[in-house]
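Reviewing the structure listed below.
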Number of protein chains: 2
Amino acid sequence: MPTPHEYAHEHAERFRQELHDLLRIPSISTDPAYRSEVRRCADWLAAHLRGLGMTAETIPTNRHPLVYAEWMGAGADAKTVLTYGHYDVQPADVDEGWHSDPFEPEERDGNIYARGAEDNKGQLWLQIKAVESLFHGDQPPACNLKFIIEGEEESGGESIAKYVAENPEKLKADVCLISDTGILAFDKPSIIYALRGMVATELTVTGPDHDLHSGSFGGVVHNPLQVVAEIVSKLHNADGSVAVPGFYDDVVMMSDAERAELAKTSWTEAEVATETGVPQTWGEVGFSPRERAGGRPTLEINGIGGGYAGIGFKTVIPSSALVKISCRLVANQDPDRIYDLLKAYVAQITPPTVTVEWKKFGGGHGALVDIHAPEMQAAVRAYENVWGVKPVFLREGGSIPVVADLQRHVGMPVLLIGFGLPTDNIHGPNEHFNIELFHRGVDTILHFYEIYAG
Amino acid sequence: MPTPHEYAHEHAERFRQELHDLLRIPSISTDPAYRSEVRRCADWLAAHLRGLGMTAETIPTNRHPLVYAEWMGAGADAKTVLTYGHYDVQPADVDEGWHSDPFEPEERDGNIYARGAEDNKGQLWLQIKAVESLFHGDQPPACNLKFIIEGEEESGGESIAKYVAENPEKLKADVCLISDTGILAFDKPSIIYALRGMVATELTVTGPDHDLHSGSFGGVVHNPLQVVAEIVSKLHNADGSVAVPGFYDDVVMMSDAERAELAKTSWTEAEVATETGVPQTWGEVGFSPRERAGGRPTLEINGIGGGYAGIGFKTVIPSSALVKISCRLVANQDPDRIYDLLKAYVAQITPPTVTVEWKKFGGGHGALVDIHAPEMQAAVRAYENVWGVKPVFLREGGSIPVVADLQRHVGMPVLLIGFGLPTDNIHGPNEHFNIELFHRGVDTILHFYEIYAG
């Protein structure tokens, strides 16, 4: 019998071909038009997990189903490892600048290109394939195994939040693994120990009850696009800080020691400019890029729509305009409170010439993980075994609300063992995942299981 | 032989059926996808004018063809009347809220519903059908007749501007008629004596060279949507005036007598609010709605696009965002100068975190017409003959740049004899033209020809 590592190496090619199949399902959770594809993706995953020898089910929710699987064959005395992932993806349109169909995976330049290649199907798949390798190794798995996989991570995540709060016993485990983050660079492994929370909203500003001709009505009614711009312009101060009163009230400031640790991993303003192509960086005065992106809350404008923005020109005053706003929060900030503060402030700065409607797209708490816990130290050694160097600890700007939920409700350490690269362009065109890192990911997870089970 | 009026009444039904055919051609000039439909519309019109007994041609331009027709049979001693119109239309999408296909005309509630029903195909058609009635009347036409019809009025109008400047002899006439404006209300005829000019632009603000994840890069790069909002918010002062330095330099202020005359035609803030559905009106402090819409220059935001504005949510920082801005100008303001002032001001308020690209969509001068000229007085009597009351004089907020061009280059009075209603919803969904006003229009034009020819 081969070891789990040997099995994984022998079946590497098939692992990726199966991932291609998974990536071909356009499980875009935010767009109702893709509801049945999301459903199909959940069924596909449950069937695959059953094929590995686990019991698996899809769990209906108000929106997209959860997938749950377990194998308790290691016995009541053995440790239990829960793996979380998400099978839904962000929208993707070829016109955004994709060089290949976002839902027809292509391997080129050592990467897999597809929507979800990294976030999160690719990283979920390396977890599943590590478990498959455990089942086919020379010894049966030493830990009990659970999976909980959601289909709304890219669009609010209400269902998993509700499920975790209501079913802590079912998800009970000694540790939770999540591969939905990245490492600093190909040869620089790192572990995320802090995540930002988020609250996402949409604001519709309505003036006239129908579109108007700007020649006839320009100058006599307040243009909703102008009002949206005026509101948005008041959401930040000149020093780059967020202008919403009370926004920073609950922020726990990074310690000097922590800031010194973060300063060891270089991400200068010049590096940010080169990586993103901006003429000059921007942000809250007094903080480094890594501090601004991971240790400070932010407010972002994710979309504005209204009037005619197509080819050519249309002299219209639109009846309404909308703006999508999201806030990234640090641990200890409550998403509901931030939403209320934002609403109250916007109400205060909205002129009486328009009406405003709000829509909330869910959100979640930020999270901090104890870097000294033994589970975390097992993860450090797992990376070290594969890379030959110790990973560094980092804060991450993105949000995985379920981390805080799992910590709070189930009560176990949550480890963010991810293998993406900053250049993977998740959420953008030409998202990709490095093939070598996919396979290193499988190996690292296998090392974690070995070290953790002792 | 019937009189021209009798002929027009006998053929009323056919006149409208022909108009339906014209409205079925989606001659959207701003969208390159409709180029061949615009061309087809020009050919259709030239053929129709030839069928009336005129010589007619389509004149190629850099974009969409002009249609020119003439009949000089009244002789060298007779007066010549030039009619201007445009055969192109604004874009129209059923999803904007149309109750019937914008390019399949429907007659209901006493109106014709279609894109262009009023602006300008319906109004052009009543001019053409008045001329047809002259040809079939008991006497040959007493005036020589010319038509110049353009296909870019809704998208810049560069070609007609160039053609008028270069061919004043060909267009030479004693008076020019244009039906591309409206009357105050069904039973309140009015004549526009002032039009606003316009300059239309598009501004693209680019930050990063690709879309970014707002979790990873929020707070470290300046979001182009935020920059667009910040720029737009600085284009107006708190008193509703335009903040671009120099914007009002060349504005000729309305006289007290003129303001008193305009005040006679009621259009209160409350009436504007009811007509448009806004909770409260808006505009330059110190001026009435009619003054703001006709006698003062304005700056409008006609579209903003960037990020994800569809259903659901996408946590993206877009690489770029765009804003479409147009300025309505009063007579004596130069569109090129205003464009330069706007560019200079925006350059001054643009942060170094982004780059900006400009696109200009043409424009034109505003115009004033002498209300005491004998040609204008003939138009007054023509309306009076049909309505039984004298029309009032008004300023119009919209732009017909060719009016100033015809006045400046060909040197003749230009009369705006229009029959639209403020509620026709031109440029918006469910554009329509009142059927009775279409036929009154034909009658009024016929009266004008009789009175003007003496």
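Every chain in the structure tokens takes a letter, A first, then B, and so on in the order presented; its residues are numbered from 1, and the ligands are numbered from 1 following the presented order.
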Which polymer residues have any atom within 9 Å of an atom of range 269-275 of chain B, counting only C-alpha atoms, with same-chain residues fewer than 4 positions away left out, as a PDB file with N, CA and C atoms, in the first residue's frame?
```
ATOM      1  N   PRO A 208     -36.808  61.972  -9.551  1.00  0.00           N
ATOM      2  CA  PRO A 208     -38.043  61.952 -10.342  1.00  0.00           C
ATOM      3  C   PRO A 208     -38.594  60.534 -10.457  1.00  0.00           C
ATOM      4  N   PHE A 217     -35.124  69.456 -18.018  1.00  0.00           N
ATOM      5  CA  PHE A 217     -35.241  69.411 -16.555  1.00  0.00           C
ATOM      6  C   PHE A 217     -33.902  69.582 -15.821  1.00  0.00           C
ATOM      7  N   VAL A 220     -33.524  72.043 -12.664  1.00  0.00           N
ATOM      8  CA  VAL A 220     -34.747  72.240 -11.858  1.00  0.00           C
ATOM      9  C   VAL A 220     -35.021  71.065 -10.921  1.00  0.00           C
ATOM     10  N   VAL A 221     -34.435  69.889 -11.226  1.00  0.00           N
ATOM     11  CA  VAL A 221     -34.524  68.782 -10.263  1.00  0.00           C
ATOM     12  C   VAL A 221     -33.097  68.334  -9.927  1.00  0.00           C
TER      13      VAL A 221
ATOM     14  N   PRO B 279     -39.458  64.671  -4.585  1.00  0.00           N
ATOM     15  CA  PRO B 279     -39.941  65.143  -3.283  1.00  0.00           C
ATOM     16  C   PRO B 279     -39.773  66.651  -3.132  1.00  0.00           C
ATOM     17  N   GLN B 280     -38.753  67.197  -3.772  1.00  0.00           N
ATOM     18  CA  GLN B 280     -38.482  68.628  -3.674  1.00  0.00           C
ATOM     19  C   GLN B 280     -37.632  69.027  -4.874  1.00  0.00           C
ATOM     20  N   THR B 281     -37.905  70.236  -5.424  1.00  0.00           N
ATOM     21  CA  THR B 281     -37.123  70.675  -6.582  1.00  0.00           C
ATOM     22  C   THR B 281     -35.744  71.129  -6.136  1.00  0.00           C
ATOM     23  N   TRP B 282     -34.931  71.518  -7.101  1.00  0.00           N
ATOM     24  CA  TRP B 282     -33.534  71.849  -6.830  1.00  0.00           C
ATOM     25  C   TRP B 282     -33.066  72.805  -7.914  1.00  0.00           C
ATOM     26  N   SER B 288     -36.208  81.246 -11.012  1.00  0.00           N
ATOM     27  CA  SER B 288     -37.403  80.401 -11.071  1.00  0.00           C
ATOM     28  C   SER B 288     -37.102  79.170 -11.924  1.00  0.00           C
ATOM     29  N   PRO B 289     -37.941  78.122 -11.832  1.00  0.00           N
ATOM     30  CA  PRO B 289     -37.705  76.928 -12.667  1.00  0.00           C
ATOM     31  C   PRO B 289     -37.588  77.277 -14.155  1.00  0.00           C
ATOM     32  N   THR B 423     -45.186  66.562 -21.600  1.00  0.00           N
ATOM     33  CA  THR B 423     -45.405  65.208 -21.071  1.00  0.00           C
ATOM     34  C   THR B 423     -45.127  64.102 -22.105  1.00  0.00           C
TER      35      THR B 423
END
```
Spatial neighbours of Pro318 in chain A, 7 Å, only C-alpha atoms, chain gap at least 3 places, as a VMD selection string: chain A and resid 211 to 212 224 306 to 307 321
Keeping only N, CA, C and O atoms, take the residues you just selected and write them out as an mmCIF file, in the first residue's frame.
```cif
data_model
loop_
_atom_site.group_PDB
_atom_site.id
_atom_site.type_symbol
_atom_site.label_atom_id
_atom_site.label_comp_id
_atom_site.auth_asym_id
_atom_site.auth_seq_id
_atom_site.Cartn_x
_atom_site.Cartn_y
_atom_site.Cartn_z
ATOM 1 N N ASP A 211 -37.400 58.755 -15.943
ATOM 2 C CA ASP A 211 -36.230 59.409 -16.517
ATOM 3 C C ASP A 211 -36.661 60.717 -17.177
ATOM 4 O O ASP A 211 -37.721 60.790 -17.793
ATOM 5 N N LEU A 212 -35.812 61.719 -17.080
ATOM 6 C CA LEU A 212 -36.134 63.025 -17.647
ATOM 7 C C LEU A 212 -35.075 63.442 -18.677
ATOM 8 O O LEU A 212 -33.932 63.006 -18.625
ATOM 9 N N PRO A 224 -30.218 62.361 -9.459
ATOM 10 C CA PRO A 224 -29.857 61.298 -8.503
ATOM 11 C C PRO A 224 -28.392 60.862 -8.605
ATOM 12 O O PRO A 224 -27.798 60.485 -7.594
ATOM 13 N N GLY A 306 -26.348 54.093 -13.000
ATOM 14 C CA GLY A 306 -27.436 55.041 -13.191
ATOM 15 C C GLY A 306 -27.195 55.842 -14.442
ATOM 16 O O GLY A 306 -26.055 56.068 -14.833
ATOM 17 N N GLY A 307 -28.289 56.260 -15.102
ATOM 18 C CA GLY A 307 -28.168 57.013 -16.343
ATOM 19 C C GLY A 307 -27.692 56.112 -17.460
ATOM 20 O O GLY A 307 -27.903 54.890 -17.437
ATOM 21 N N ALA A 321 -30.494 56.250 -9.076
ATOM 22 C CA ALA A 321 -29.122 55.773 -9.228
ATOM 23 C C ALA A 321 -28.817 54.920 -8.013
ATOM 24 O O ALA A 321 -29.413 55.099 -6.950
#
```
If you run DSSP on the backbone, which residues of range 17-169 of chain A are strand (DSSP E or B), as a PyMOL selection string? chain A and resi 28+55-59+66-71+80-86+89+106-108+111-113+144-150
For those residues, write C-alpha atoms to a file as a PDB file, in the first residue's frame.
```pdb
ATOM      1  CA  ILE A  28     -22.611  32.002  -9.145  1.00  0.00           C
ATOM      2  CA  THR A  55     -21.792   9.869   4.515  1.00  0.00           C
ATOM      3  CA  ALA A  56     -22.851  13.035   2.778  1.00  0.00           C
ATOM      4  CA  GLU A  57     -25.991  15.125   2.405  1.00  0.00           C
ATOM      5  CA  THR A  58     -27.139  18.411   0.976  1.00  0.00           C
ATOM      6  CA  ILE A  59     -28.928  20.543   3.531  1.00  0.00           C
ATOM      7  CA  LEU A  66     -25.075  23.375   2.357  1.00  0.00           C
ATOM      8  CA  VAL A  67     -23.100  20.182   1.822  1.00  0.00           C
ATOM      9  CA  TYR A  68     -22.239  18.167   4.930  1.00  0.00           C
ATOM     10  CA  ALA A  69     -20.154  14.986   5.048  1.00  0.00           C
ATOM     11  CA  GLU A  70     -18.612  12.933   7.814  1.00  0.00           C
ATOM     12  CA  TRP A  71     -16.577   9.796   8.555  1.00  0.00           C
ATOM     13  CA  THR A  80     -12.144  15.148  14.912  1.00  0.00           C
ATOM     14  CA  VAL A  81     -11.139  17.571  12.156  1.00  0.00           C
ATOM     15  CA  LEU A  82     -13.792  19.736  10.480  1.00  0.00           C
ATOM     16  CA  THR A  83     -12.994  21.234   7.081  1.00  0.00           C
ATOM     17  CA  TYR A  84     -14.920  24.236   5.832  1.00  0.00           C
ATOM     18  CA  GLY A  85     -15.040  25.451   2.223  1.00  0.00           C
ATOM     19  CA  HIS A  86     -17.391  27.113  -0.216  1.00  0.00           C
ATOM     20  CA  VAL A  89     -18.116  31.659  -7.022  1.00  0.00           C
ATOM     21  CA  GLU A 106      -7.511  25.978 -19.114  1.00  0.00           C
ATOM     22  CA  GLU A 107      -4.071  24.974 -17.881  1.00  0.00           C
ATOM     23  CA  ARG A 108      -1.344  27.248 -19.197  1.00  0.00           C
ATOM     24  CA  ASN A 111      -1.707  27.677 -13.717  1.00  0.00           C
ATOM     25  CA  ILE A 112      -5.333  26.619 -13.922  1.00  0.00           C
ATOM     26  CA  TYR A 113      -7.432  29.511 -15.300  1.00  0.00           C
ATOM     27  CA  ASN A 144     -12.585  11.528  12.429  1.00  0.00           C
ATOM     28  CA  LEU A 145     -13.413  13.725   9.448  1.00  0.00           C
ATOM     29  CA  LYS A 146     -16.164  16.250   8.775  1.00  0.00           C
ATOM     30  CA  PHE A 147     -16.838  18.655   5.919  1.00  0.00           C
ATOM     31  CA  ILE A 148     -19.201  21.618   5.863  1.00  0.00           C
ATOM     32  CA  ILE A 149     -19.318  23.371   2.503  1.00  0.00           C
ATOM     33  CA  GLU A 150     -21.494  26.369   1.796  1.00  0.00           C
TER      34      GLU A 150
END
```
Contacts of range 406-415 of chain B within 8 Å, only C-alpha atoms, excl. fewer than 3 positions in-chain, as a PyMOL selection string: chain B and resi 164-165+168-169+171-178+193+369-370+373+375-376+379+402-403
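Among B:Ala331, B:Ile183, B:Ile451, B:Leu394, the residue with the shortest atom-to-atom distance to Met198 in chain B, counting only C-alpha atoms, is B:Ala331.
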Would you list the contacts of Val330 in chain B as a PyMOL selection string, taking every protein, DNA or RNA residue within 7 Å and counting only C-alpha atoms, but skipping same-chain residues closer than 4 positions in sequence? chain B and resi 196-197+251+295-297+366
Residues from last step as file, all heavy atoms, as a short mmCIF file (atom, residue, chain, number, x, y, z; two decimals), in the first residue's frame:
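What landed in selection-v2.cif:
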```
data_model
loop_
_atom_site.label_atom_id
_atom_site.label_comp_id
_atom_site.auth_asym_id
_atom_site.auth_seq_id
_atom_site.Cartn_x
_atom_site.Cartn_y
_atom_site.Cartn_z
N ARG B 196 -30.86 76.44 -25.58
CA ARG B 196 -29.55 76.33 -24.95
C ARG B 196 -28.60 75.55 -25.87
O ARG B 196 -29.01 74.69 -26.63
CB ARG B 196 -29.69 75.62 -23.60
CG ARG B 196 -30.43 76.50 -22.61
CD ARG B 196 -30.16 76.11 -21.18
NE ARG B 196 -30.84 74.89 -20.82
CZ ARG B 196 -30.92 74.45 -19.56
NH1 ARG B 196 -30.36 75.13 -18.58
NH2 ARG B 196 -31.55 73.33 -19.28
N GLY B 197 -27.34 75.90 -25.77
CA GLY B 197 -26.31 75.13 -26.46
C GLY B 197 -25.89 73.97 -25.58
O GLY B 197 -26.44 73.76 -24.51
N VAL B 251 -22.06 84.54 -19.95
CA VAL B 251 -23.53 84.47 -19.89
C VAL B 251 -24.12 85.88 -19.97
O VAL B 251 -23.71 86.77 -19.23
CB VAL B 251 -23.99 83.79 -18.59
CG1 VAL B 251 -25.52 83.86 -18.45
CG2 VAL B 251 -23.51 82.34 -18.57
N GLY B 295 -32.96 79.93 -19.20
CA GLY B 295 -32.15 81.13 -19.25
C GLY B 295 -30.81 81.03 -18.56
O GLY B 295 -30.04 81.99 -18.58
N ARG B 296 -30.53 79.89 -17.93
CA ARG B 296 -29.27 79.72 -17.21
C ARG B 296 -28.55 78.46 -17.69
O ARG B 296 -29.20 77.47 -18.02
CB ARG B 296 -29.53 79.59 -15.70
CG ARG B 296 -30.21 80.79 -15.09
CD ARG B 296 -29.33 82.02 -15.08
NE ARG B 296 -28.17 81.85 -14.21
CZ ARG B 296 -27.16 82.74 -14.16
NH1 ARG B 296 -27.15 83.82 -14.94
NH2 ARG B 296 -26.16 82.53 -13.35
N PRO B 297 -27.23 78.50 -17.74
CA PRO B 297 -26.51 77.28 -18.12
C PRO B 297 -26.48 76.28 -16.95
O PRO B 297 -26.57 76.68 -15.79
CB PRO B 297 -25.10 77.80 -18.40
CG PRO B 297 -24.96 79.02 -17.55
CD PRO B 297 -26.33 79.64 -17.44
N GLY B 366 -25.81 77.99 -28.12
CA GLY B 366 -27.20 78.34 -27.85
C GLY B 366 -27.67 79.37 -28.89
O GLY B 366 -26.89 79.84 -29.71
#
```
Restricting the calculation to only C-alpha atoms, which member of A:Pro429, A:Pro351, A:Gly303, A:Gly364 is positioned closest to chain B? A:Gly303
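For the choices B:Lys359, B:Lys188, B:Lys264, B:His439, the atom-to-atom distance to Val205 in chain B is smallest for B:Lys359 when using only C-alpha atoms.
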Give the helix (DSSP H, G or I) residues of range 96-323 of chain A, as assigned by DSSP on the backbone, as a PyMOL selection string. chain A and resi 96+121-135+153-155+158-166+168-171+214-217+224-233+256-263+269-276+289-294
Write out as a PyMOL selection string which residues come within 10 Å of Phe438 in chain B when counting only C-alpha atoms, dropping same-chain ones fewer than 6 positions away. chain B and resi 12+15-16+111-112+117-118+122-123+125-127+418-420+444
Can you write out the residues you just picked, keeping all heavy atoms, as a compact mmCIF listing (two decimals), in the first residue's frame?
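That gives us out-v5.txt:
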```txt
# COMPACT_ATOMS: atom_id res chain seq x y z
N ALA B 12 -55.41 62.28 -43.78
CA ALA B 12 -54.88 62.24 -42.41
C ALA B 12 -54.44 60.84 -41.99
O ALA B 12 -53.34 60.63 -41.45
CB ALA B 12 -55.91 62.79 -41.43
N PHE B 15 -51.29 59.68 -43.72
CA PHE B 15 -50.12 60.40 -43.19
C PHE B 15 -49.56 59.66 -41.96
O PHE B 15 -48.35 59.49 -41.81
CB PHE B 15 -50.49 61.83 -42.77
CG PHE B 15 -50.75 62.80 -43.91
CD1 PHE B 15 -51.11 64.12 -43.65
CD2 PHE B 15 -50.63 62.40 -45.24
CE1 PHE B 15 -51.34 65.02 -44.68
CE2 PHE B 15 -50.87 63.29 -46.29
CZ PHE B 15 -51.23 64.60 -46.00
N ARG B 16 -50.46 59.22 -41.09
CA ARG B 16 -50.00 58.58 -39.86
C ARG B 16 -49.45 57.18 -40.12
O ARG B 16 -48.49 56.74 -39.48
CB ARG B 16 -51.12 58.52 -38.81
CG ARG B 16 -51.54 59.89 -38.29
CD ARG B 16 -52.05 59.80 -36.87
NE ARG B 16 -53.04 58.74 -36.70
CZ ARG B 16 -54.34 58.83 -37.06
NH1 ARG B 16 -54.79 59.94 -37.61
NH2 ARG B 16 -55.14 57.82 -36.87
N ASN B 111 -52.68 58.96 -28.63
CA ASN B 111 -51.26 59.24 -28.88
C ASN B 111 -50.64 58.15 -29.76
O ASN B 111 -51.13 57.02 -29.79
CB ASN B 111 -50.48 59.27 -27.56
CG ASN B 111 -50.90 60.41 -26.66
OD1 ASN B 111 -50.79 61.57 -27.02
ND2 ASN B 111 -51.43 60.06 -25.49
N ILE B 112 -49.55 58.51 -30.42
CA ILE B 112 -48.71 57.50 -31.07
C ILE B 112 -47.53 57.25 -30.13
O ILE B 112 -46.82 58.18 -29.77
CB ILE B 112 -48.16 58.01 -32.41
CG1 ILE B 112 -49.31 58.42 -33.32
CG2 ILE B 112 -47.28 56.94 -33.07
CD1 ILE B 112 -48.82 59.08 -34.62
N ALA B 117 -41.48 59.20 -31.86
CA ALA B 117 -42.85 59.58 -32.22
C ALA B 117 -42.99 61.10 -32.25
O ALA B 117 -43.64 61.67 -33.12
CB ALA B 117 -43.85 58.97 -31.24
N GLU B 118 -42.34 61.75 -31.28
CA GLU B 118 -42.36 63.20 -31.26
C GLU B 118 -41.01 63.73 -31.72
O GLU B 118 -40.96 64.59 -32.60
CB GLU B 118 -42.69 63.67 -29.83
CG GLU B 118 -43.15 65.11 -29.75
CD GLU B 118 -42.11 66.01 -29.11
OE1 GLU B 118 -41.06 66.23 -29.73
OE2 GLU B 118 -42.39 66.50 -27.99
N GLY B 122 -41.97 62.42 -35.74
CA GLY B 122 -43.36 62.88 -35.84
C GLY B 122 -43.45 64.32 -36.29
O GLY B 122 -44.26 64.69 -37.15
N GLN B 123 -42.59 65.14 -35.74
CA GLN B 123 -42.63 66.58 -36.06
C GLN B 123 -42.05 66.86 -37.45
O GLN B 123 -42.49 67.77 -38.15
CB GLN B 123 -41.88 67.38 -34.99
CG GLN B 123 -42.49 67.22 -33.60
CD GLN B 123 -42.62 68.56 -32.89
OE1 GLN B 123 -43.34 69.44 -33.35
NE2 GLN B 123 -41.92 68.70 -31.77
N TRP B 125 -42.32 64.74 -39.83
CA TRP B 125 -43.31 64.20 -40.76
C TRP B 125 -44.44 65.19 -41.02
O TRP B 125 -44.96 65.29 -42.13
CB TRP B 125 -43.85 62.87 -40.23
CG TRP B 125 -44.42 62.02 -41.33
CD1 TRP B 125 -45.69 61.59 -41.46
CD2 TRP B 125 -43.71 61.54 -42.47
NE1 TRP B 125 -45.84 60.85 -42.60
CE2 TRP B 125 -44.63 60.81 -43.25
CE3 TRP B 125 -42.39 61.66 -42.90
CZ2 TRP B 125 -44.26 60.20 -44.45
CZ3 TRP B 125 -42.02 61.05 -44.09
CH2 TRP B 125 -42.97 60.33 -44.85
N LEU B 126 -44.84 65.94 -40.01
CA LEU B 126 -45.93 66.91 -40.24
C LEU B 126 -45.46 68.03 -41.16
O LEU B 126 -46.26 68.57 -41.95
CB LEU B 126 -46.50 67.43 -38.91
CG LEU B 126 -45.64 68.30 -37.98
CD1 LEU B 126 -45.75 69.78 -38.36
CD2 LEU B 126 -46.10 68.12 -36.54
N GLN B 127 -44.17 68.36 -41.13
CA GLN B 127 -43.63 69.35 -42.07
C GLN B 127 -43.68 68.78 -43.49
O GLN B 127 -44.08 69.47 -44.44
CB GLN B 127 -42.16 69.68 -41.71
CG GLN B 127 -42.00 70.54 -40.47
CD GLN B 127 -42.12 72.04 -40.79
OE1 GLN B 127 -42.44 72.44 -41.91
NE2 GLN B 127 -41.91 72.85 -39.76
N GLY B 418 -42.98 74.28 -33.10
CA GLY B 418 -43.10 72.89 -32.65
C GLY B 418 -44.45 72.60 -32.04
O GLY B 418 -45.20 73.52 -31.68
N PHE B 419 -44.75 71.30 -31.89
CA PHE B 419 -46.09 70.89 -31.45
C PHE B 419 -46.06 69.79 -30.38
O PHE B 419 -47.06 69.14 -30.11
CB PHE B 419 -46.92 70.44 -32.66
CG PHE B 419 -46.96 71.49 -33.73
CD1 PHE B 419 -46.05 71.47 -34.79
CD2 PHE B 419 -47.86 72.54 -33.66
CE1 PHE B 419 -46.05 72.46 -35.76
CE2 PHE B 419 -47.87 73.55 -34.63
CZ PHE B 419 -46.96 73.50 -35.69
N GLY B 420 -44.88 69.57 -29.78
CA GLY B 420 -44.79 68.58 -28.71
C GLY B 420 -45.43 69.09 -27.42
O GLY B 420 -45.77 70.27 -27.29
N THR B 444 -51.11 74.15 -39.08
CA THR B 444 -50.38 75.38 -38.70
C THR B 444 -49.29 75.70 -39.73
O THR B 444 -49.13 76.86 -40.13
CB THR B 444 -49.76 75.21 -37.29
OG1 THR B 444 -50.79 74.83 -36.38
CG2 THR B 444 -49.12 76.51 -36.82
```
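Interatomic distance, CA of Asn332 in chain B to CA of Val252 in chain B: 7.0 Å.
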